[in-house]
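Engineer: Below: one structure in structure tokens.
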Amino acid sequence: MVYDMTSGRPIKVITTFAIPLFIGSIFQQIYNMVDSIVVGNYVGANALAAVGACTGAFNLMLALIVGLTGGMSVVIAQYFGAKNMNMVKQTFITSTLINLLTGVVITFAGIALARPLLRVLNTPESIMADAHIYLVIMFIGTLANCMYNGMSSVLRSMGNSTIPLVILIMASLINVGLYLLFVIVFNMGVAGVATATVLAQLISAIAAMIYTFVKIPELRFSFKELRLEKAIAKEVIRIGFPAALSSCGVSISVMFMQRAINAYGEDTIAAYTVGNKAENVGMALSYSIGTAVGTFCGQNIGARDFERVKKGMHAGYIIAIGYAVIVGVAMMIFARPLAGLFTSEQQVVDIAIGYIYIATAFAPVLGLVFVFQNFLRSAGDVMPTVWMSIMEITARSVLAFLFSWLFGRVGIWWATPTGWTASLIIGILRYRSGKWKKKITAMGENKK
């Protein structure tokens, strides 16, 4: 099933597409939360800190995958909007080969570099062993992660956000069940948490591939057709590689920020892990709205309906700001019970609440950042998104240490929102300049 987003009321189309993404993000965040809840309550605060200490390193891998698959989805969305199904298929084949190669390279590099990465992060020796085994197992699952994200990106770029949701819900439920089995029954600790996640990712990747090949005949191909088209690969990489580097840069900056946090000890590491999980749940729809706006604009850019693109952006502003304000207030009100889900250690909860308050106060800013980033990528205008990411990188890698030196632990929490604000300013200026129109990929026939 595919969904043509070049017709219908923009706010309705975007909302309809974003809701499954949102539900999927919530399920994803919930099972990400469950690992911390299970580890924090059944293994201990040190184990929770070990999982949290891996966040930056693991997100580095995920950022590269998401960035590259993002390039694929932009090109497919524009060709789909232009009604050029032959180019959609060729882009799908080429991108699948790129995903496979990426997965293999990251797997071996990640396993080899897991311990050095943790050393760079200044991970305490008390949690080093658990952190290392967790990270190695997560890197083993890279190929499955690549294929699931790749197939999901294809489906979403063609307007189908429902099937990735169904697959994600299935994987989430399996993941939670495996968490409980491996950690509580088999007493495998953090290794059990990582193993459960990798197995769930593998199942979701297989399910996504089966659906894509069975239900979308336009994308089926034979082994004779399995070849890398250089022109398409160049375009996918042109869009995806800068996005991947930007995302990697942001993840590296998070690792620097993690280093600043690690200097304050296990309680602060655990508190940041708790606060970050809670923040991700609260911001789930903001990310989904940005993705929906990007897909909507990508298809309409391919169709050359720029007036409709503008209406889609306005709808994105309204939804993103309205949601962020409501959720931000709710997160502040329920910060303590939410943090208490992860750990019963009061000092960890108290530290986490401070982080949650600051992050959620800037929720509307982050919501708009997602809208502008996804829009610019949907147009193939990636360099401004690189500069947007550089603002976040600078905030986390430089301001985190500066603010920590000036204001102590609380100063670290202010670094990221400062980066969000600078990033938003760049996005607004680029959109209003209209220069993104020069970066469009697909040559649609419809011009309005």
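All residue names refer to the structure tokens as shown: chains lettered A, B, ... in order, residues numbered from 1 in each chain, ligands numbered from 1 in order.
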Give the alpha helix (DSSP H) residues of segment 81-220 of chain A, as DSSP finds them on the backbone, and put them as a VMD selection string.
Structural biologist: chain A and resid 81 85 to 120 125 to 140 142 to 157 162 to 179 189 to 215
Engineer: Excluding Met209 of chain A and any residue of its chain fewer than 2 positions from it, enumerate the residues within 8 Å of it, using only C-alpha atoms, and give them as a ChimeraX atom specification.
Structural biologist: /A:147-148,151,205-207,211-213
Engineer: Once you have the residues from the selection above, write them out as a CSV table (one decimal), in the first residue's frame, restricted to N, CA, C and O atoms.
Structural biologist:
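To be explicit, this is the file written out as out-v6.csv:
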chain,number,residue,atom,x,y,z
A,147,MET,N,18.9,-2.9,7.5
A,147,MET,CA,17.8,-3.4,6.6
A,147,MET,C,16.5,-2.9,7.1
A,147,MET,O,15.6,-2.5,6.3
A,148,TYR,N,16.2,-2.9,8.4
A,148,TYR,CA,14.9,-2.5,8.9
A,148,TYR,C,14.7,-1.0,8.6
A,148,TYR,O,13.7,-0.6,8.0
A,151,MET,N,14.2,-0.5,4.7
A,151,MET,CA,12.9,-0.8,4.2
A,151,MET,C,11.8,0.1,4.7
A,151,MET,O,10.9,0.5,4.0
A,205,ALA,N,13.5,-6.6,10.7
A,205,ALA,CA,14.1,-6.5,9.4
A,205,ALA,C,13.5,-7.5,8.5
A,205,ALA,O,13.2,-7.2,7.3
A,206,ILE,N,13.4,-8.7,8.9
A,206,ILE,CA,12.9,-9.8,8.0
A,206,ILE,C,11.5,-9.5,7.7
A,206,ILE,O,11.1,-9.7,6.5
A,207,ALA,N,10.6,-9.1,8.6
A,207,ALA,CA,9.2,-8.8,8.4
A,207,ALA,C,9.1,-7.7,7.4
A,207,ALA,O,8.3,-7.7,6.5
A,211,TYR,N,7.3,-8.0,3.6
A,211,TYR,CA,6.2,-7.1,3.2
A,211,TYR,C,6.5,-6.4,1.9
A,211,TYR,O,5.7,-6.3,1.0
A,212,THR,N,7.7,-5.7,1.9
A,212,THR,CA,8.0,-4.9,0.8
A,212,THR,C,8.0,-5.7,-0.5
A,212,THR,O,7.5,-5.2,-1.5
A,213,PHE,N,8.6,-6.8,-0.5
A,213,PHE,CA,8.7,-7.6,-1.8
A,213,PHE,C,7.4,-8.3,-2.2
A,213,PHE,O,7.1,-8.4,-3.3
Engineer: Using only C-alpha atoms, find each residue in segment 216-321 of chain A having at least one atom no more than 9 Å away from segment 377-395 of chain A; report its shortest atom-to-atom pair and that distance in Å (one decimal), rows by chain then rising number, as a tab-separated table.
Structural biologist:
residue	atom	partner	partner_atom	distance
A:Arg238	CA	A:Val382	CA	8.3
A:Ile239	CA	A:Gly380	CA	5.9
A:Gly240	CA	A:Val382	CA	8.3
A:Pro242	CA	A:Val382	CA	6.6
A:Ala243	CA	A:Val382	CA	6.7
A:Leu245	CA	A:Val386	CA	8.1
A:Ser246	CA	A:Val386	CA	5.4
A:Ser247	CA	A:Ser389	CA	7.1
A:Gly249	CA	A:Ile393	CA	6.3
A:Val250	CA	A:Ile393	CA	5.0
A:Ser251	CA	A:Ile393	CA	8.1
A:Ile252	CA	A:Ile393	CA	7.8
A:Ser253	CA	A:Ile393	CA	5.1
A:Val254	CA	A:Ile393	CA	7.8
A:Val293	CA	A:Ser378	CA	8.8
A:Gly294	CA	A:Ser378	CA	5.3
A:Thr295	CA	A:Ser378	CA	6.8
A:Phe296	CA	A:Ser378	CA	8.6
A:Cys297	CA	A:Ser378	CA	6.4
A:Gly298	CA	A:Ser378	CA	4.6
A:Gln299	CA	A:Ser378	CA	8.3
A:Ile301	CA	A:Ala379	CA	6.8
A:Gly302	CA	A:Ala379	CA	8.7
Engineer: Using only C-alpha atoms, which protein or nucleic acid residues come within 8 Å of Ile353 of chain A? Drop anything in the same chain fewer than 4 positions from it, and give the result as a PyMOL selection string.
Structural biologist: chain A and resi 275+335-336+339+349+357
Engineer: Which value, in Å to one decimal, gives the distance between atom CA of Glu279 of chain A and atom CA of Val369 of chain A?
Structural biologist: 15.6 Å
Engineer: Taking only C-alpha atoms into account, which of A:Ile216, A:Lys234, A:Leu366, A:Phe372 comes nearest Met85 of chain A?
Structural biologist: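 Among the listed residues, A:Ile216 lies closest to Met85 of chain A.
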Engineer: Using Å and a single decimal, report how far atom CA of Ile237 of chain A sits from atom CA of Leu97 of chain A.
Structural biologist: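 According to the coordinates, atom CA of Leu97 of chain A and atom CA of Ile237 of chain A are separated by 12.4 Å.
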